[in-house]
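Student: Got a structure for you, written out below as structure tokens; questions coming shortly.
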Amino acid sequence: MNPALTERPVQTIRSQREVFGETLAAMAVARPDILVLDGDLANSTRADIVAERAPGQFLELGIAEQNLFGVAAGLATMGFTPYISTFACFAVARALDQIRVTIAQPHLGVKIAAGYSGILTGSTGKTHQMVDDLAIMRAMPGMTVLAPADDTEAEALLRLAADLPGPVYIRLARDPVRRVFEAPYASPMGAPIVLRTGGSVVVVSTGTQTARTVAAVESLAEDGLDVGLVHVPVLKPLDDAALLTTLRGRRLVISVEEHAIVGGLGGAIAEVLAEAGGPPLRRIGLDDTYGESGSNDDLLERYGLSSQRVADQVRTLIGELAG
Amino acid sequence: MADLNEAAPAQLDLAGLEERAREARREIVRSVGRAKAGHLGGPLSAVDVLVALYGGILRVRPSEPGWPERDRFVLSKGHASIGLYAVLALSGFFPVAELETFDRIGTRLQGHPDMTRLPGLDMSTGSLGVGVSTAVGMAIGAKRLGRDTRIFAMLGDGECQEGQVWEAAISAVRFGLDNLYAIVDVNGLQQFGWTDDDGGRTRPWSIEALAGIWAAFGWTVRVIDGHDMAAIVSGIGAAIGERVDGRPNVILARTVKGRGVSFMEGHFEWHARVPTAEETERALTELAS
């Protein structure tokens, strides 16, 4: 990764949406081709920081997501680097045809900053929770799919996206999570990141679920269970070989994601492991269900994604393995 | 042919454009007949306007299709692709013989326009309703770059049923895009549509209703005869010459679906019907005269 992508160490943990606003504001000041196109959610996605610090490069497109993405495509053909500010649900679900036909198929450099991803969307419930965005965007030919774990990685990947060719989907969370990476962040693009080597069992996580999973494997270690942890910030293009290197020889691989267990990280790992002939895989995530309204803590508890619940499930799966 | 189309519309050779339109119609019918695939009704209604655009209104360089300062054209009604290809070929963007590859495996001339394959296409389209938004993005971009680039987008009257068209219409006004020219090919038919009381097909919109709606959104509206070359050239020329600061422009071209082939004119079935060999010959005979 380009060292220029890393910023000074930041002491206070920021939410990924704050990182989005602050990073894009800084990028816009430095690069006239950077534009932020908002679908009337700037004070949620924090694109309002761009509107304040680089007002000439903030474009308000209103409540019209299909047009929002089409306009971004047109701007990309004119040499601009548009970043989209909206929620994951409105990007992926509302404007899917526009992304497919006018961005992915012509391979235009539109960067989709999908805020409020997953189920932690401020108690807004299932309409605003997007549990299948990774599956949909991963299946789309030519789309790069990124899911940063924390504020440090979000900043690095948001900066990196500007220079990646073609369309990029960046999954961002609404609320702050524990920091996983201290700046300077310097992971090579595409490679899974081994956060803990572990023993015969390894957990693989993506996005901000990784931050909660770090605590889960720490608590397992306190109980004497040395479980590995691999973070996958780049779901597409997935570095199959590097991922396999971290998984081969284990007795059990467990995926965990704030997403459906179909088609996202768990699906991607299943594809890789099935072709490689193992090791066995178990998937933690939303099992053919939408979310609901509730506090973050209650939602994580109900859908099995809190640090405690992940640790419990891993313990159970290890027990089944022994039995 | 001049490489750079700088002639004022009033100075264009109308007889030459009319001849090119006849040739383009023949190429359209030949190509679809040969490919046994594609659309005829829409390309035949749109082709006179396309010939006028590429025959002198658009500032483009056929030998340098990616010229950054060029005017842009988006064919939002992407199913009329063969009409655009025929005109691009006759305008010197690629050899006319390449039209034989239309719709074949590996071709640059895809069923719907693919900008990644064919230089000279400014946008990929095919799903209806998407094109004007992309043109809005180009028009915003041109203004930001301080360029006198004009952005044209052609859509169908049936296509105006897509909600995205009106999202785009609203945003074009909000961004003051007086460099944007939408052209609606009002041929009065769509793929299937609705049955009239008398057994005919209901027009998607009356041209008067459509004009009123675009005007209500804040666009400058002109209505032209989309098959009269003099009217097309002077109408689009006036839209450019008399554009009002900050107002986007729409030109409603009154056309006939299947224009130029008697047994196709006004029949919705010819939206995407493939002609038999005999029908192709009959159509080419009509278009030869």
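In the structure tokens, the first chain shown is A, the next is B, and so on; residue numbers restart at 1 for each chain, and ligands run from 1 in the order shown.
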For chain B, list the residues within 9 Å of chain A, counting only C-alpha atoms, and write the list as number ranges by chain.

Tutor: B: 68, 114-116, 122-127, 130-142, 145, 163-168, 171, 174

Student: Determine which residues of region 129-180 of chain B receive a DSSP assignment of alpha helix (DSSP H), computed from the backbone, and state them as a ChimeraX atom specification.

Tutor: /B:131-144,163-174

Student: Convert the current residue selection to file output with N, CA and C atoms, as a tab-separated table (two decimals), in the first residue's frame.

Tutor:
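And here is the file that came out, result16.tsv:
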chain	number	residue	atom	x	y	z
B	131	GLY	N	-30.30	7.06	-19.21
B	131	GLY	CA	-29.39	7.90	-19.99
B	131	GLY	C	-29.36	9.36	-19.61
B	132	VAL	N	-30.51	9.94	-19.32
B	132	VAL	CA	-30.53	11.38	-19.07
B	132	VAL	C	-29.73	11.70	-17.80
B	133	SER	N	-29.81	10.82	-16.80
B	133	SER	CA	-29.02	11.05	-15.59
B	133	SER	C	-27.52	11.10	-15.90
B	134	THR	N	-27.08	10.20	-16.76
B	134	THR	CA	-25.65	10.21	-17.09
B	134	THR	C	-25.30	11.48	-17.85
B	135	ALA	N	-26.23	11.94	-18.69
B	135	ALA	CA	-26.00	13.19	-19.41
B	135	ALA	C	-25.96	14.38	-18.45
B	136	VAL	N	-26.78	14.32	-17.40
B	136	VAL	CA	-26.73	15.36	-16.37
B	136	VAL	C	-25.33	15.39	-15.74
B	137	GLY	N	-24.79	14.21	-15.44
B	137	GLY	CA	-23.44	14.14	-14.87
B	137	GLY	C	-22.42	14.73	-15.83
B	138	MET	N	-22.54	14.42	-17.11
B	138	MET	CA	-21.61	14.97	-18.10
B	138	MET	C	-21.75	16.49	-18.19
B	139	ALA	N	-22.98	16.97	-18.13
B	139	ALA	CA	-23.21	18.42	-18.25
B	139	ALA	C	-22.65	19.16	-17.02
B	140	ILE	N	-22.83	18.57	-15.84
B	140	ILE	CA	-22.23	19.16	-14.64
B	140	ILE	C	-20.71	19.16	-14.79
B	141	GLY	N	-20.18	18.03	-15.26
B	141	GLY	CA	-18.73	17.91	-15.44
B	141	GLY	C	-18.19	18.93	-16.42
B	142	ALA	N	-18.89	19.10	-17.54
B	142	ALA	CA	-18.43	20.07	-18.55
B	142	ALA	C	-18.38	21.47	-17.97
B	143	LYS	N	-19.39	21.82	-17.20
B	143	LYS	CA	-19.40	23.15	-16.59
B	143	LYS	C	-18.27	23.30	-15.58
B	144	ARG	N	-18.02	22.26	-14.80
B	144	ARG	CA	-16.93	22.34	-13.82
B	144	ARG	C	-15.59	22.51	-14.50
B	163	GLY	N	-39.43	6.45	-13.97
B	163	GLY	CA	-39.33	7.52	-12.98
B	163	GLY	C	-37.98	8.22	-12.97
B	164	GLN	N	-36.93	7.48	-13.32
B	164	GLN	CA	-35.59	8.09	-13.27
B	164	GLN	C	-35.47	9.27	-14.22
B	165	VAL	N	-36.24	9.24	-15.32
B	165	VAL	CA	-36.20	10.36	-16.27
B	165	VAL	C	-36.55	11.66	-15.55
B	166	TRP	N	-37.54	11.57	-14.66
B	166	TRP	CA	-38.00	12.79	-13.98
B	166	TRP	C	-37.09	13.17	-12.81
B	167	GLU	N	-36.45	12.17	-12.20
B	167	GLU	CA	-35.39	12.51	-11.23
B	167	GLU	C	-34.30	13.32	-11.93
B	168	ALA	N	-33.95	12.87	-13.13
B	168	ALA	CA	-32.91	13.56	-13.89
B	168	ALA	C	-33.39	14.96	-14.30
B	169	ALA	N	-34.65	15.05	-14.70
B	169	ALA	CA	-35.20	16.34	-15.14
B	169	ALA	C	-35.13	17.36	-14.01
B	170	ILE	N	-35.46	16.92	-12.81
B	170	ILE	CA	-35.41	17.82	-11.65
B	170	ILE	C	-33.98	18.28	-11.39
B	171	SER	N	-33.04	17.33	-11.43
B	171	SER	CA	-31.66	17.69	-11.08
B	171	SER	C	-31.04	18.59	-12.14
B	172	ALA	N	-31.42	18.42	-13.40
B	172	ALA	CA	-30.85	19.26	-14.47
B	172	ALA	C	-31.23	20.73	-14.25
B	173	VAL	N	-32.45	20.94	-13.78
B	173	VAL	CA	-32.89	22.31	-13.50
B	173	VAL	C	-32.14	22.86	-12.28
B	174	ARG	N	-32.03	22.01	-11.26
B	174	ARG	CA	-31.37	22.46	-10.03
B	174	ARG	C	-29.93	22.86	-10.28

Student: Please list as a JSON list (two decimals) with N, CA and C atoms, in the first residue's frame every residue within 10 Å of Ile28 (chain B), counting only C-alpha atoms and excluding residues in the same chain fewer than 6 positions away.

Tutor:
[["chain", "number", "residue", "atom", "x", "y", "z"],
["B", 22, "ARG", "N", -31.37, 8.27, -45.89],
["B", 22, "ARG", "CA", -31.89, 7.15, -46.69],
["B", 22, "ARG", "C", -30.91, 5.98, -46.64],
["B", 34, "ARG", "N", -29.99, -9.23, -41.59],
["B", 34, "ARG", "CA", -28.85, -10.14, -41.63],
["B", 34, "ARG", "C", -28.63, -10.80, -40.26],
["B", 38, "GLY", "N", -32.46, -7.71, -33.28],
["B", 38, "GLY", "CA", -32.38, -6.26, -33.18],
["B", 38, "GLY", "C", -33.75, -5.62, -33.28],
["B", 39, "HIS", "N", -33.76, -4.30, -33.31],
["B", 39, "HIS", "CA", -34.99, -3.54, -33.35],
["B", 39, "HIS", "C", -35.02, -2.71, -34.63],
["B", 40, "LEU", "N", -36.21, -2.50, -35.18],
["B", 40, "LEU", "CA", -36.34, -1.69, -36.39],
["B", 40, "LEU", "C", -37.17, -0.43, -36.18],
["B", 43, "PRO", "N", -35.17, 2.61, -34.32],
["B", 43, "PRO", "CA", -34.11, 3.19, -35.13],
["B", 43, "PRO", "C", -34.64, 3.95, -36.34],
["B", 44, "LEU", "N", -35.70, 3.43, -36.97],
["B", 44, "LEU", "CA", -36.23, 4.11, -38.16],
["B", 44, "LEU", "C", -36.94, 5.41, -37.78],
["B", 47, "VAL", "N", -33.72, 7.96, -36.76],
["B", 47, "VAL", "CA", -32.51, 8.08, -37.58],
["B", 47, "VAL", "C", -32.33, 9.46, -38.21],
["B", 80, "ALA", "N", -32.32, 1.37, -29.87],
["B", 80, "ALA", "CA", -32.17, 1.94, -31.23],
["B", 80, "ALA", "C", -30.70, 1.92, -31.66],
["B", 81, "SER", "N", -29.91, 1.06, -31.04],
["B", 81, "SER", "CA", -28.47, 1.03, -31.27],
["B", 81, "SER", "C", -28.09, 0.96, -32.74],
["B", 82, "ILE", "N", -28.78, 0.13, -33.53],
["B", 82, "ILE", "CA", -28.38, -0.04, -34.92],
["B", 82, "ILE", "C", -28.55, 1.28, -35.70],
["B", 83, "GLY", "N", -29.48, 2.09, -35.26],
["B", 83, "GLY", "CA", -29.63, 3.41, -35.89],
["B", 83, "GLY", "C", -28.40, 4.27, -35.63],
["B", 84, "LEU", "N", -27.92, 4.25, -34.40],
["B", 84, "LEU", "CA", -26.72, 5.02, -34.07],
["B", 84, "LEU", "C", -25.50, 4.44, -34.77],
["B", 85, "TYR", "N", -25.38, 3.11, -34.80],
["B", 85, "TYR", "CA", -24.22, 2.50, -35.45],
["B", 85, "TYR", "C", -24.18, 2.86, -36.94],
["B", 86, "ALA", "N", -25.34, 2.79, -37.60],
["B", 86, "ALA", "CA", -25.39, 3.10, -39.03],
["B", 86, "ALA", "C", -24.93, 4.53, -39.27],
["B", 87, "VAL", "N", -25.38, 5.44, -38.40],
["B", 87, "VAL", "CA", -25.01, 6.84, -38.58],
["B", 87, "VAL", "C", -23.53, 7.06, -38.25],
["B", 99, "LEU", "N", -20.83, -2.96, -40.05],
["B", 99, "LEU", "CA", -22.24, -3.14, -39.68],
["B", 99, "LEU", "C", -22.67, -4.59, -39.87],
["B", 102, "PHE", "N", -23.06, -6.65, -36.67],
["B", 102, "PHE", "CA", -24.05, -6.27, -35.65],
["B", 102, "PHE", "C", -24.64, -7.50, -34.96],
["B", 284, "LEU", "N", -36.10, -2.92, -48.39],
["B", 284, "LEU", "CA", -34.95, -2.30, -49.08],
["B", 284, "LEU", "C", -35.39, -1.74, -50.43]]

Student: What's the 12 Å shell around Met189 (chain A), counting only C-alpha atoms, without same-chain residues fewer than 5 positions away, as a VMD selection string?

Tutor: chain A and resid 1 to 2 5 144 to 146 148 153 156 to 157 160 to 161 163 to 164 232 to 239 242

Student: Hey, what's within 12 Å of Gly319 (chain A) if we count only C-alpha atoms and toss same-chain stuff fewer than 5 positions away? As a JSON list (two decimals) with C-alpha atoms, in the first residue's frame, please?

Tutor:
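Dumped everything to out_5.json:
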[["chain", "number", "residue", "atom", "x", "y", "z"],
["A", 201, "VAL", "CA", -9.39, -23.34, 14.94],
["A", 225, "LEU", "CA", -8.70, -21.64, 23.79],
["A", 252, "LEU", "CA", -12.12, -25.87, 11.69],
["A", 312, "ASP", "CA", -20.13, -18.69, 22.90],
["A", 313, "GLN", "CA", -20.87, -19.94, 19.40],
["A", 314, "VAL", "CA", -17.20, -20.61, 18.69]]

Student: I need the residues of region 70-214 of chain A that end up classed as strand (DSSP E) by DSSP on the backbone, written out as a ChimeraX atom specification.

Tutor: /A:81-87,111-115,144-146,168-171,193-196,201-205

Student: Write out as CSV a residue-level contact list of region 272-309 of chain A versus region 206-224 of chain A with cut-off 7 Å: for each qualifying residue the closest pair of atoms and the distance in Å to one decimal, counting only C-alpha atoms, rows sorted by chain and residue number upward.

Tutor:
residue,atom,partner,partner_atom,distance
A:Ser306,CA,A:Arg212,CA,6.5
A:Ser307,CA,A:Ala216,CA,4.6
A:Gln308,CA,A:Ala216,CA,6.2

Student: Can you work out which one of B:Glu19, B:Asp71, B:Asp178, B:Asp185 has the shortest atom-to-atom distance to Gly120 (chain B), counting only C-alpha atoms?

Tutor: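 Checking each candidate against Gly120 (chain B), we get B:Asp71 as the closest.
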